[in-house]
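Asks: One file: upload.cif (mmCIF, C-alpha atoms).
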data_target
loop_
_atom_site.group_PDB
_atom_site.id
_atom_site.type_symbol
_atom_site.label_atom_id
_atom_site.label_comp_id
_atom_site.auth_asym_id
_atom_site.auth_seq_id
_atom_site.Cartn_x
_atom_site.Cartn_y
_atom_site.Cartn_z
ATOM 1 C CA MET L 1 0.000 0.000 0.000
ATOM 2 C CA SER L 2 1.332 3.439 -0.896
ATOM 3 C CA LYS L 3 2.104 5.763 1.970
ATOM 4 C CA PRO L 4 0.557 9.220 2.249
ATOM 5 C CA ALA L 5 2.443 12.485 2.454
ATOM 6 C CA LEU L 6 2.836 14.237 5.794
ATOM 7 C CA SER L 7 2.590 17.856 6.862
ATOM 8 C CA LEU L 8 5.583 19.179 8.760
ATOM 9 C CA ALA L 9 6.231 22.562 10.402
ATOM 10 C CA ALA L 10 9.568 23.789 11.769
ATOM 11 C CA MET L 11 8.939 25.644 15.023
ATOM 12 C CA PRO L 12 11.517 27.660 16.990
ATOM 13 C CA GLY L 13 13.925 25.470 18.910
ATOM 14 C CA ARG L 14 13.009 22.367 16.895
ATOM 15 C CA ARG L 15 14.159 23.290 13.403
ATOM 16 C CA ARG L 16 17.098 20.916 13.159
ATOM 17 C CA ALA L 17 15.019 18.112 14.666
ATOM 18 C CA THR L 18 12.305 18.841 12.086
ATOM 19 C CA ILE L 19 14.769 18.436 9.218
ATOM 20 C CA GLU L 20 15.944 15.150 10.718
ATOM 21 C CA LEU L 21 12.321 14.017 10.955
ATOM 22 C CA ALA L 22 11.831 14.760 7.235
ATOM 23 C CA VAL L 23 14.913 12.692 6.400
ATOM 24 C CA GLU L 24 13.362 9.825 8.355
ATOM 25 C CA MET L 25 10.103 10.271 6.428
ATOM 26 C CA GLU L 26 12.066 9.850 3.213
ATOM 27 C CA ARG L 27 13.837 6.745 4.533
ATOM 28 C CA ARG L 28 10.485 5.217 5.424
ATOM 29 C CA GLY L 29 9.046 5.888 1.962
ATOM 30 C CA PHE L 30 6.328 8.426 2.702
ATOM 31 C CA GLY L 31 4.734 10.113 -0.284
ATOM 32 C CA GLY L 32 5.914 13.655 0.391
ATOM 33 C CA VAL L 33 6.465 16.433 2.911
ATOM 34 C CA TYR L 34 4.297 19.551 2.691
ATOM 35 C CA CYS L 35 5.000 22.644 4.766
ATOM 36 C CA PRO L 36 2.394 25.123 6.026
ATOM 37 C CA SER L 37 2.983 28.867 6.153
ATOM 38 C CA PHE L 38 3.573 29.050 9.904
ATOM 39 C CA GLY L 39 7.138 28.189 10.860
ATOM 40 C CA ASP L 40 8.353 29.526 7.467
ATOM 41 C CA GLY L 41 7.473 26.711 5.097
ATOM 42 C CA LEU L 42 9.722 28.060 2.352
ATOM 43 C CA ALA L 43 12.767 28.021 4.618
ATOM 44 C CA LEU L 44 11.923 24.462 5.625
ATOM 45 C CA CYS L 45 11.670 23.527 1.951
ATOM 46 C CA GLU L 46 15.173 24.876 1.374
ATOM 47 C CA GLY L 47 16.381 22.637 4.176
ATOM 48 C CA LEU L 48 14.604 19.677 2.580
ATOM 49 C CA ALA L 49 16.166 20.407 -0.807
ATOM 50 C CA LEU L 50 19.603 20.173 0.787
ATOM 51 C CA THR L 51 19.080 17.165 3.075
ATOM 52 C CA THR L 52 16.784 14.801 1.135
ATOM 53 C CA ARG L 53 17.319 13.110 -2.208
ATOM 54 C CA GLU L 54 14.083 11.578 -3.477
ATOM 55 C CA ILE L 55 10.991 12.590 -1.520
ATOM 56 C CA PRO L 56 8.673 15.188 -3.115
ATOM 57 C CA PHE L 57 8.020 18.271 -1.002
ATOM 58 C CA GLY L 58 6.374 21.645 -1.226
ATOM 59 C CA THR L 59 4.565 24.510 0.434
ATOM 60 C CA SER L 60 0.978 24.131 1.466
ATOM 61 C CA ILE L 61 0.767 27.047 1.319
ATOM 62 C CA VAL L 62 2.532 30.399 1.140
ATOM 63 C CA ASN L 63 0.525 33.596 1.379
ATOM 64 C CA ILE L 64 0.689 35.560 -1.878
ATOM 65 C CA TYR L 65 0.269 38.902 -0.107
ATOM 66 C CA THR L 66 3.429 38.686 2.001
ATOM 67 C CA ARG L 67 6.037 39.121 -0.767
ATOM 68 C CA HIS L 68 6.169 40.423 -4.317
ATOM 69 C CA ALA L 69 5.572 37.739 -6.931
ATOM 70 C CA HIS L 70 8.956 38.430 -8.566
ATOM 71 C CA ASP L 71 10.684 37.888 -5.222
ATOM 72 C CA PHE L 72 8.783 34.638 -4.689
ATOM 73 C CA ALA L 73 9.755 33.572 -8.218
ATOM 74 C CA GLN L 74 13.456 33.777 -7.345
ATOM 75 C CA THR L 75 13.019 31.520 -4.318
ATOM 76 C CA ALA L 76 10.716 29.078 -6.120
ATOM 77 C CA SER L 77 13.069 28.758 -9.075
ATOM 78 C CA PHE L 78 16.029 28.266 -6.739
ATOM 79 C CA LEU L 79 14.253 25.454 -4.882
ATOM 80 C CA HIS L 80 13.123 23.852 -8.140
ATOM 81 C CA GLU L 81 16.695 23.697 -9.416
ATOM 82 C CA LEU L 82 18.258 22.728 -6.089
ATOM 83 C CA SER L 83 15.832 19.852 -5.532
ATOM 84 C CA GLY L 84 16.030 18.387 -9.009
ATOM 85 C CA GLY L 85 12.362 19.107 -9.674
ATOM 86 C CA ARG L 86 10.925 17.660 -6.442
ATOM 87 C CA PHE L 87 9.498 20.960 -5.164
ATOM 88 C CA ARG L 88 5.878 22.095 -5.627
ATOM 89 C CA PHE L 89 5.030 25.734 -4.979
ATOM 90 C CA GLY L 90 1.680 25.838 -3.195
ATOM 91 C CA ILE L 91 0.193 29.337 -3.000
ATOM 92 C CA GLY L 92 -2.988 30.912 -1.683
ATOM 93 C CA ILE L 93 -4.629 33.999 -0.242
ATOM 94 C CA SER L 94 -4.683 32.787 3.390
ATOM 95 C CA HIS L 95 -7.554 34.382 5.357
ATOM 96 C CA ALA L 96 -8.741 37.941 5.862
ATOM 97 C CA ALA L 97 -8.231 37.751 9.633
ATOM 98 C CA VAL L 98 -4.659 36.482 9.224
ATOM 99 C CA ASN L 99 -3.879 39.113 6.617
ATOM 100 C CA ALA L 100 -5.265 41.877 8.814
ATOM 101 C CA ARG L 101 -2.866 40.871 11.578
ATOM 102 C CA LEU L 102 -0.023 41.114 9.059
ATOM 103 C CA GLY L 103 -1.146 44.552 7.944
ATOM 104 C CA VAL L 104 -2.020 43.423 4.416
ATOM 105 C CA LYS L 105 -5.403 43.499 2.750
ATOM 106 C CA THR L 106 -7.163 40.575 1.152
ATOM 107 C CA GLY L 107 -8.365 41.569 -2.293
ATOM 108 C CA SER L 108 -10.411 39.681 -4.862
ATOM 109 C CA PRO L 109 -9.223 36.058 -4.463
ATOM 110 C CA LEU L 110 -9.652 34.859 -8.029
ATOM 111 C CA ALA L 111 -8.296 38.018 -9.656
ATOM 112 C CA ASP L 112 -5.392 38.304 -7.218
ATOM 113 C CA VAL L 113 -4.316 34.670 -7.647
ATOM 114 C CA ARG L 114 -4.560 34.967 -11.434
ATOM 115 C CA ARG L 115 -2.450 38.144 -11.362
ATOM 116 C CA PHE L 116 0.089 36.596 -8.997
ATOM 117 C CA VAL L 117 0.612 33.506 -11.160
ATOM 118 C CA ALA L 118 0.997 35.660 -14.266
ATOM 119 C CA SER L 119 3.630 37.754 -12.456
ATOM 120 C CA LEU L 120 5.491 34.619 -11.356
ATOM 121 C CA ARG L 121 5.693 33.402 -14.930
ATOM 122 C CA GLU L 122 6.717 36.826 -16.180
ATOM 123 C CA ALA L 123 9.605 36.816 -13.703
ATOM 124 C CA ALA L 124 10.738 33.340 -14.760
ATOM 125 C CA ALA L 125 12.479 34.825 -17.810
ATOM 126 C CA ARG L 126 15.025 36.246 -15.339
ATOM 127 C CA THR L 127 14.870 33.849 -12.404
ATOM 128 C CA GLY L 128 14.914 30.535 -14.267
ATOM 129 C CA GLU L 129 12.434 27.685 -14.613
ATOM 130 C CA LEU L 130 9.620 27.593 -12.094
ATOM 131 C CA PRO L 131 8.374 24.549 -10.189
ATOM 132 C CA PRO L 132 4.830 23.240 -10.603
ATOM 133 C CA ILE L 133 2.380 25.771 -9.159
ATOM 134 C CA VAL L 134 -0.397 24.476 -6.900
ATOM 135 C CA LEU L 135 -3.350 26.622 -5.861
ATOM 136 C CA ALA L 136 -5.005 26.440 -2.471
ATOM 137 C CA ALA L 137 -8.615 25.608 -3.211
ATOM 138 C CA LEU L 138 -11.836 25.175 -1.319
ATOM 139 C CA ARG L 139 -14.773 26.206 -3.467
ATOM 140 C CA LYS L 140 -15.381 25.344 -7.101
ATOM 141 C CA LYS L 141 -14.396 28.661 -8.702
ATOM 142 C CA MET L 142 -10.854 28.405 -7.328
ATOM 143 C CA VAL L 143 -10.701 24.753 -8.375
ATOM 144 C CA ALA L 144 -11.651 25.785 -11.901
ATOM 145 C CA LEU L 145 -8.971 28.499 -11.854
ATOM 146 C CA ALA L 146 -6.400 25.923 -10.779
ATOM 147 C CA GLY L 147 -7.422 23.800 -13.747
ATOM 148 C CA GLU L 148 -6.925 26.794 -16.013
ATOM 149 C CA ILE L 149 -3.619 28.303 -14.835
ATOM 150 C CA ALA L 150 -1.888 25.895 -12.429
ATOM 151 C CA ASP L 151 -0.415 22.414 -12.139
ATOM 152 C CA GLY L 152 -2.402 21.310 -9.126
ATOM 153 C CA ALA L 153 -4.835 22.147 -6.354
ATOM 154 C CA VAL L 154 -4.568 21.530 -2.642
ATOM 155 C CA TRP L 155 -7.338 21.614 -0.068
ATOM 156 C CA ALA L 156 -7.087 21.747 3.702
ATOM 157 C CA ASN L 157 -9.811 20.235 5.886
ATOM 158 C CA ALA L 158 -11.918 19.276 2.895
ATOM 159 C CA ALA L 159 -15.007 17.084 3.188
ATOM 160 C CA ARG L 160 -14.342 13.710 1.613
ATOM 161 C CA SER L 161 -17.985 13.246 0.620
ATOM 162 C CA HIS L 162 -17.772 16.468 -1.409
ATOM 163 C CA MET L 163 -14.438 15.860 -3.132
ATOM 164 C CA ARG L 164 -15.797 14.353 -6.342
ATOM 165 C CA ALA L 165 -18.162 17.307 -6.731
ATOM 166 C CA SER L 166 -15.242 19.703 -6.214
ATOM 167 C CA LEU L 167 -13.086 17.873 -8.731
ATOM 168 C CA GLY L 168 -15.879 18.146 -11.247
ATOM 169 C CA ALA L 169 -14.763 21.766 -11.732
ATOM 170 C CA LEU L 170 -11.493 20.523 -13.278
ATOM 171 C CA PRO L 171 -11.168 19.853 -17.014
ATOM 172 C CA GLU L 172 -11.043 16.108 -17.585
ATOM 173 C CA GLU L 173 -7.739 16.305 -19.480
ATOM 174 C CA LYS L 174 -6.094 17.932 -16.472
ATOM 175 C CA ARG L 175 -7.129 15.076 -14.184
ATOM 176 C CA ARG L 176 -5.721 12.534 -16.648
ATOM 177 C CA ASN L 177 -2.334 14.221 -17.058
ATOM 178 C CA GLY L 178 -0.645 14.291 -13.684
ATOM 179 C CA PHE L 179 -2.522 17.212 -12.129
ATOM 180 C CA PHE L 180 -1.658 17.327 -8.425
ATOM 181 C CA VAL L 181 -4.657 16.900 -6.124
ATOM 182 C CA GLY L 182 -3.770 17.164 -2.448
ATOM 183 C CA ASN L 183 -5.675 17.556 0.782
ATOM 184 C CA MET L 184 -4.306 18.407 4.212
ATOM 185 C CA ILE L 185 -6.117 16.044 6.598
ATOM 186 C CA PRO L 186 -5.945 16.466 10.389
ATOM 187 C CA THR L 187 -5.032 13.017 11.715
ATOM 188 C CA CYS L 188 -4.855 11.445 15.158
ATOM 189 C CA VAL L 189 -3.878 7.808 15.763
ATOM 190 C CA THR L 190 -5.432 6.463 18.946
ATOM 191 C CA ASP L 191 -7.299 3.449 20.291
ATOM 192 C CA ASP L 192 -9.514 5.877 22.208
ATOM 193 C CA ARG L 193 -11.761 7.183 19.465
ATOM 194 C CA LYS L 194 -13.540 9.640 21.764
ATOM 195 C CA ALA L 195 -10.209 11.193 22.777
ATOM 196 C CA GLY L 196 -9.163 11.364 19.118
ATOM 197 C CA ALA L 197 -12.376 13.166 18.218
ATOM 198 C CA ALA L 198 -11.722 15.700 20.983
ATOM 199 C CA VAL L 199 -8.265 16.410 19.553
ATOM 200 C CA MET L 200 -9.714 16.843 16.076
ATOM 201 C CA ARG L 201 -12.353 19.255 17.364
ATOM 202 C CA LYS L 202 -9.602 21.286 18.997
ATOM 203 C CA VAL L 203 -7.568 21.314 15.767
ATOM 204 C CA LEU L 204 -10.521 22.462 13.645
ATOM 205 C CA GLN L 205 -12.149 24.849 16.083
ATOM 206 C CA GLY L 206 -10.197 27.843 14.791
ATOM 207 C CA TYR L 207 -11.230 27.083 11.212
ATOM 208 C CA VAL L 208 -14.957 27.192 11.907
ATOM 209 C CA TYR L 209 -14.511 30.847 12.869
ATOM 210 C CA LEU L 210 -13.326 31.639 9.323
ATOM 211 C CA PRO L 211 -16.155 32.629 6.941
ATOM 212 C CA ASN L 212 -14.593 31.105 3.830
ATOM 213 C CA TYR L 213 -14.400 27.715 5.525
ATOM 214 C CA ARG L 214 -17.998 27.943 6.693
ATOM 215 C CA PHE L 215 -19.071 28.800 3.136
ATOM 216 C CA TYR L 216 -17.218 25.738 1.868
ATOM 217 C CA TRP L 217 -18.662 23.372 4.482
ATOM 218 C CA ARG L 218 -22.123 24.679 3.654
ATOM 219 C CA GLU L 219 -21.448 23.826 0.005
ATOM 220 C CA ALA L 220 -20.358 20.377 1.184
ATOM 221 C CA GLY L 221 -23.699 19.724 2.887
ATOM 222 C CA TYR L 222 -23.175 20.918 6.451
ATOM 223 C CA GLU L 223 -25.634 23.800 6.471
ATOM 224 C CA GLU L 224 -27.171 22.901 9.834
ATOM 225 C CA GLU L 225 -23.820 22.703 11.624
ATOM 226 C CA MET L 226 -22.525 25.950 10.132
ATOM 227 C CA GLN L 227 -25.714 27.834 10.953
ATOM 228 C CA ALA L 228 -25.566 26.684 14.571
ATOM 229 C CA ILE L 229 -21.887 27.612 14.855
ATOM 230 C CA GLU L 230 -22.498 31.064 13.362
ATOM 231 C CA LYS L 231 -25.327 31.630 15.836
ATOM 232 C CA ALA L 232 -23.073 30.665 18.760
ATOM 233 C CA ILE L 233 -20.263 32.921 17.528
ATOM 234 C CA ALA L 234 -22.652 35.865 17.097
ATOM 235 C CA ALA L 235 -23.954 35.335 20.633
ATOM 236 C CA LYS L 236 -20.382 35.076 21.948
ATOM 237 C CA GLU L 237 -21.198 31.591 23.233
ATOM 238 C CA THR L 238 -17.891 30.156 22.114
ATOM 239 C CA ASP L 239 -17.994 27.413 24.738
ATOM 240 C CA LYS L 240 -20.801 25.819 22.711
ATOM 241 C CA VAL L 241 -18.851 25.612 19.447
ATOM 242 C CA PRO L 242 -17.098 22.232 19.980
ATOM 243 C CA SER L 243 -20.409 20.510 20.717
ATOM 244 C CA LEU L 244 -21.817 21.891 17.452
ATOM 245 C CA MET L 245 -19.044 20.251 15.399
ATOM 246 C CA SER L 246 -21.008 17.105 14.628
ATOM 247 C CA ASP L 247 -19.534 13.598 14.517
ATOM 248 C CA ARG L 248 -20.788 13.277 10.927
ATOM 249 C CA TRP L 249 -18.870 16.411 9.898
ATOM 250 C CA LEU L 250 -15.764 15.454 11.865
ATOM 251 C CA GLU L 251 -15.581 11.987 10.309
ATOM 252 C CA ASP L 252 -15.870 13.549 6.853
ATOM 253 C CA THR L 253 -13.063 16.086 7.328
ATOM 254 C CA THR L 254 -10.478 14.357 9.562
ATOM 255 C CA LEU L 255 -8.935 10.961 10.301
ATOM 256 C CA PHE L 256 -8.897 9.639 13.856
ATOM 257 C CA GLY L 257 -8.938 6.241 15.460
ATOM 258 C CA THR L 258 -6.907 3.054 15.295
ATOM 259 C CA ALA L 259 -4.089 2.392 12.875
ATOM 260 C CA THR L 260 -6.452 0.396 10.682
ATOM 261 C CA GLN L 261 -9.046 3.183 10.670
ATOM 262 C CA VAL L 262 -6.417 5.772 9.713
ATOM 263 C CA ARG L 263 -4.969 3.589 6.926
ATOM 264 C CA ASP L 264 -8.424 2.816 5.560
ATOM 265 C CA GLY L 265 -9.383 6.476 5.780
ATOM 266 C CA ALA L 266 -6.338 7.586 3.796
ATOM 267 C CA GLU L 267 -7.167 5.001 1.126
ATOM 268 C CA ALA L 268 -10.747 6.295 1.034
ATOM 269 C CA TRP L 269 -9.419 9.792 0.290
ATOM 270 C CA ILE L 270 -7.489 8.365 -2.668
ATOM 271 C CA ALA L 271 -10.635 6.613 -3.869
ATOM 272 C CA ALA L 272 -12.423 9.979 -3.654
ATOM 273 C CA GLY L 273 -9.936 11.483 -6.123
ATOM 274 C CA VAL L 274 -7.170 12.905 -3.928
ATOM 275 C CA THR L 275 -3.886 11.803 -5.485
ATOM 276 C CA THR L 276 -1.838 12.930 -2.471
ATOM 277 C CA PRO L 277 -3.433 12.723 0.976
ATOM 278 C CA ILE L 278 -1.331 14.912 3.309
ATOM 279 C CA LEU L 279 -1.782 13.833 6.913
ATOM 280 C CA ILE L 280 -1.429 16.597 9.528
ATOM 281 C CA PRO L 281 -0.171 14.739 12.607
ATOM 282 C CA SER L 282 -1.848 15.350 15.965
ATOM 283 C CA SER L 283 -1.728 13.257 19.107
ATOM 284 C CA THR L 284 -3.591 12.678 22.343
ATOM 285 C CA ALA L 285 -0.220 12.218 24.062
ATOM 286 C CA GLY L 286 2.140 14.936 22.827
ATOM 287 C CA GLY L 287 3.187 17.351 20.121
ATOM 288 C CA GLN L 288 4.242 17.039 16.483
ATOM 289 C CA LEU L 289 7.168 14.679 17.128
ATOM 290 C CA GLN L 290 4.996 12.233 19.068
ATOM 291 C CA ALA L 291 2.210 12.471 16.486
ATOM 292 C CA VAL L 292 4.601 11.733 13.603
ATOM 293 C CA LYS L 293 5.982 8.702 15.468
ATOM 294 C CA GLU L 294 2.428 7.414 15.858
ATOM 295 C CA ILE L 295 1.853 7.744 12.108
ATOM 296 C CA PHE L 296 5.185 6.012 11.430
ATOM 297 C CA ALA L 297 3.891 3.059 13.461
ATOM 298 C CA VAL L 298 0.711 2.930 11.345
ATOM 299 C CA TYR L 299 2.779 2.309 8.200
ATOM 300 C CA GLU L 300 5.475 -0.027 9.528
#
Just dump the structure as structure tokens.

Replies:
Amino acid sequence: MSKPALSLAAMPGRRRATIELAVEMERRGFGGVYCPSFGDGLALCEGLALTTREIPFGTSIVNIYTRHAHDFAQTASFLHELSGGRFRFGIGISHAAVNARLGVKTGSPLADVRRFVASLREAAARTGELPPIVLAALRKKMVALAGEIADGAVWANAARSHMRASLGALPEEKRRNGFFVGNMIPTCVTDDRKAGAAVMRKVLQGYVYLPNYRFYWREAGYEEEMQAIEKAIAAKETDKVPSLMSDRWLEDTTLFGTATQVRDGAEAWIAAGVTTPILIPSSTAGGQLQAVKEIFAVYE
């Protein structure tokens, strides 16, 4: 059975250990390493380019508003060359609340992403060949844009039951010709399924406060849950939010449970059309290092 990719973030004080963990992922034959924006995913990717030899890796994602596209193009081209073509450049608009904290303004998502990708390719005449470009996607219009201008699409916290509908926005020829389809899936390996569900609720609680995620989960069929959560947020009854994150929704957007349940769940994501499931390790017993070890044990 093929092994999924894993999400990996390099946090202060653990950066060298994180690189060593990625090297171990490669040794064990995992399908890739994908780096979120926190912890400087691009810097981690540079470390991976220098310390690994075969494993694919990439950003999932970088925020297009934080640097000029021409500046990003230099780094992306450098990583593409240094890694021998193993790097994928995942980009997206992040979230309005995150951007506000950074002092940047979220514009029109579709127009801004289109403009950014065009600027990247314009810069490539000076910077050198670019890596495959992967767009962060949730709703169908961004999926369609990815099919038009990019080499892949990556979701985070997608609903598995809705994935085939989402992929219907892609041109059929794209799906047949190596188009990257990834999804970042919160994952907790545990024999105590109730405890695993609690961890997953904690992981996803911040996302239900983001309007674009609620819009997506409504599209995916979770209107009742999203309405109840919005009502609780408006009433400042935040203590109620975890209880409103239904088991049905949680089981559709995360993986938690025994090793067998996690393995079967990852295979179900592949059957739903995701070519690269990217497991985001979480644990009932520790941090990222412990969670990754638990996933290693699943695939021994």

Asks: When you draw a straight line from CA of Glu223 in chain L to CA of Arg248 in chain L, how long is it in Å?

Replies: 12.4 Å

Asks: Enumerate, as an mmCIF file with C-alpha atoms, in the frame of the given file, the residues matched when the PyMOL selection byres ((chain L and resi 295) around 12) is run on the file above.

Replies:
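Saved to result.cif:
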data_model
loop_
_atom_site.group_PDB
_atom_site.id
_atom_site.type_symbol
_atom_site.label_atom_id
_atom_site.label_comp_id
_atom_site.auth_asym_id
_atom_site.auth_seq_id
_atom_site.Cartn_x
_atom_site.Cartn_y
_atom_site.Cartn_z
ATOM 1 C CA LYS L 3 2.104 5.763 1.970
ATOM 2 C CA PRO L 4 0.557 9.220 2.249
ATOM 3 C CA ALA L 5 2.443 12.485 2.454
ATOM 4 C CA LEU L 6 2.836 14.237 5.794
ATOM 5 C CA SER L 7 2.590 17.856 6.862
ATOM 6 C CA MET L 25 10.103 10.271 6.428
ATOM 7 C CA ARG L 28 10.485 5.217 5.424
ATOM 8 C CA PHE L 30 6.328 8.426 2.702
ATOM 9 C CA PRO L 186 -5.945 16.466 10.389
ATOM 10 C CA THR L 187 -5.032 13.017 11.715
ATOM 11 C CA CYS L 188 -4.855 11.445 15.158
ATOM 12 C CA VAL L 189 -3.878 7.808 15.763
ATOM 13 C CA THR L 190 -5.432 6.463 18.946
ATOM 14 C CA LEU L 255 -8.935 10.961 10.301
ATOM 15 C CA PHE L 256 -8.897 9.639 13.856
ATOM 16 C CA GLY L 257 -8.938 6.241 15.460
ATOM 17 C CA THR L 258 -6.907 3.054 15.295
ATOM 18 C CA ALA L 259 -4.089 2.392 12.875
ATOM 19 C CA THR L 260 -6.452 0.396 10.682
ATOM 20 C CA GLN L 261 -9.046 3.183 10.670
ATOM 21 C CA VAL L 262 -6.417 5.772 9.713
ATOM 22 C CA ARG L 263 -4.969 3.589 6.926
ATOM 23 C CA ALA L 266 -6.338 7.586 3.796
ATOM 24 C CA ILE L 278 -1.331 14.912 3.309
ATOM 25 C CA LEU L 279 -1.782 13.833 6.913
ATOM 26 C CA ILE L 280 -1.429 16.597 9.528
ATOM 27 C CA PRO L 281 -0.171 14.739 12.607
ATOM 28 C CA SER L 282 -1.848 15.350 15.965
ATOM 29 C CA SER L 283 -1.728 13.257 19.107
ATOM 30 C CA GLN L 288 4.242 17.039 16.483
ATOM 31 C CA LEU L 289 7.168 14.679 17.128
ATOM 32 C CA GLN L 290 4.996 12.233 19.068
ATOM 33 C CA ALA L 291 2.210 12.471 16.486
ATOM 34 C CA VAL L 292 4.601 11.733 13.603
ATOM 35 C CA LYS L 293 5.982 8.702 15.468
ATOM 36 C CA GLU L 294 2.428 7.414 15.858
ATOM 37 C CA PHE L 296 5.185 6.012 11.430
ATOM 38 C CA ALA L 297 3.891 3.059 13.461
ATOM 39 C CA VAL L 298 0.711 2.930 11.345
ATOM 40 C CA TYR L 299 2.779 2.309 8.200
ATOM 41 C CA GLU L 300 5.475 -0.027 9.528
#

Asks: For Gly128 in chain L, work out the shell of residues within 10 Å, counting all atoms listed in the file and skipping chain neighbours fewer than 4 positions away, then give it as a list in words.

Replies: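 With the cut-off at 10 Å, the set is Ala73, Gln74, Ala76, Ser77, Phe78, His80, Glu81, Arg121, Ala123 and Ala124 of chain L.
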
Asks: Quick one: of L:Glu129, L:Met200, L:His70, L:Leu8, who's nearest to Leu21 in chain L, counting only C-alpha atoms?

Replies: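 That would be L:Leu8, the residue with the smallest distance to Leu21 in chain L.
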
Asks: Going by the chain IDs and residue numbers used in this file, which residues fall under the PyMOL selection byres ((chain L and resi 58) around 12)? Write them as an MDAnalysis selection string.

Replies: chainID L and resid 5:9 31:37 40:49 55:57 59:62 76 79:80 83 85:91 131:135 152 154 180 182 278

Asks: Go ahead and compute the interatomic distance for CA of Leu110 in chain L and CA of Lys140 in chain L, in Å to one decimal.

Replies: 11.1 Å

Asks: Please identify all polymer residues lying at most 12 Å from the point (-18.4, 23.3, 17.8) (file coordinates), using only C-alpha atoms, and present the result as a JSON list (two decimals) with C-alpha atoms, in the frame of the given file.

Replies:
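Final output, selection16.json:
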[["chain", "number", "residue", "atom", "x", "y", "z"],
["L", 197, "ALA", "CA", -12.38, 13.17, 18.22],
["L", 198, "ALA", "CA", -11.72, 15.70, 20.98],
["L", 200, "MET", "CA", -9.71, 16.84, 16.08],
["L", 201, "ARG", "CA", -12.35, 19.26, 17.36],
["L", 202, "LYS", "CA", -9.60, 21.29, 19.00],
["L", 203, "VAL", "CA", -7.57, 21.31, 15.77],
["L", 204, "LEU", "CA", -10.52, 22.46, 13.64],
["L", 205, "GLN", "CA", -12.15, 24.85, 16.08],
["L", 206, "GLY", "CA", -10.20, 27.84, 14.79],
["L", 207, "TYR", "CA", -11.23, 27.08, 11.21],
["L", 208, "VAL", "CA", -14.96, 27.19, 11.91],
["L", 209, "TYR", "CA", -14.51, 30.85, 12.87],
["L", 224, "GLU", "CA", -27.17, 22.90, 9.83],
["L", 225, "GLU", "CA", -23.82, 22.70, 11.62],
["L", 226, "MET", "CA", -22.52, 25.95, 10.13],
["L", 227, "GLN", "CA", -25.71, 27.83, 10.95],
["L", 228, "ALA", "CA", -25.57, 26.68, 14.57],
["L", 229, "ILE", "CA", -21.89, 27.61, 14.86],
["L", 230, "GLU", "CA", -22.50, 31.06, 13.36],
["L", 231, "LYS", "CA", -25.33, 31.63, 15.84],
["L", 232, "ALA", "CA", -23.07, 30.66, 18.76],
["L", 233, "ILE", "CA", -20.26, 32.92, 17.53],
["L", 237, "GLU", "CA", -21.20, 31.59, 23.23],
["L", 238, "THR", "CA", -17.89, 30.16, 22.11],
["L", 239, "ASP", "CA", -17.99, 27.41, 24.74],
["L", 240, "LYS", "CA", -20.80, 25.82, 22.71],
["L", 241, "VAL", "CA", -18.85, 25.61, 19.45],
["L", 242, "PRO", "CA", -17.10, 22.23, 19.98],
["L", 243, "SER", "CA", -20.41, 20.51, 20.72],
["L", 244, "LEU", "CA", -21.82, 21.89, 17.45],
["L", 245, "MET", "CA", -19.04, 20.25, 15.40],
["L", 246, "SER", "CA", -21.01, 17.10, 14.63],
["L", 247, "ASP", "CA", -19.53, 13.60, 14.52],
["L", 249, "TRP", "CA", -18.87, 16.41, 9.90],
["L", 250, "LEU", "CA", -15.76, 15.45, 11.86]]

Asks: Grab the CA of Glu267 in chain L to CA of Tyr216 in chain L distance for me, in Å with one decimal place.

Replies: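 The value is 23.1 Å.
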
Asks: Near Glu219 in chain L, counting all atoms listed in the file, which residues have an atom at most 10 Å away, once you skip same-chain residues fewer than 4 positions from it, shown as number ranges by chain?

Replies: L: 138-140, 159, 162, 165-166, 213-215, 223

Asks: In terms of the shortest atom-to-atom distance over only C-alpha atoms, which of L:Phe72, L:Trp155, L:Phe179, L:Tyr222 is closest to Ser94 in chain L?

Replies: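 For Ser94 in chain L, the nearest of the given residues is L:Trp155.
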
Asks: For Ile93 in chain L, please output as a PDB file with C-alpha atoms, in the frame of the given file all residues within 8 Å (counting only C-alpha atoms; exclusion window: fewer than 2 positions along the same chain).

Replies:
ATOM      1  CA  ASN L  63       0.525  33.596   1.379  1.00  0.00           C
ATOM      2  CA  ILE L  64       0.689  35.560  -1.878  1.00  0.00           C
ATOM      3  CA  TYR L  65       0.269  38.902  -0.107  1.00  0.00           C
ATOM      4  CA  ILE L  91       0.193  29.337  -3.000  1.00  0.00           C
ATOM      5  CA  HIS L  95      -7.554  34.382   5.357  1.00  0.00           C
ATOM      6  CA  THR L 106      -7.163  40.575   1.152  1.00  0.00           C
ATOM      7  CA  PRO L 109      -9.223  36.058  -4.463  1.00  0.00           C
ATOM      8  CA  VAL L 113      -4.316  34.670  -7.647  1.00  0.00           C
ATOM      9  CA  ALA L 136      -5.005  26.440  -2.471  1.00  0.00           C
TER      10      ALA L 136
END

Asks: Tell me which of L:Met142, L:Met163, L:Val117, L:Ala10 sits closest to Thr275 in chain L, counting only C-alpha atoms.

Replies: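 Result for the nearest residue to Thr275 in chain L: L:Met163.
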
Asks: Could you check which of L:Ala158, L:Val274, L:Val98, L:Met184 is closest to Asp252 in chain L, using all atoms listed in the file?

Replies: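 Distance minimum relative to Asp252 in chain L lands on L:Ala158.
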
Asks: Around range 265-268 of chain L, fit a box with edges along x, y and z, padding it by 3 Å on each side, then list its centre and edge lengths in Å to one decimal as AutoDock Vina command-line options.

Replies:
--center_x -8.5 --center_y 6.3 --center_z 3.4 --size_x 10.4 --size_y 8.6 --size_z 10.7

Asks: Run the PyMOL selection byres ((chain L and resi 284) around 7) mentally over the shown coordinates, then write out the matched residues as JSON, numbers by chain, using the chain letters and numbers from the document.

Replies: {"L": [195, 196, 199, 283, 285, 286]}
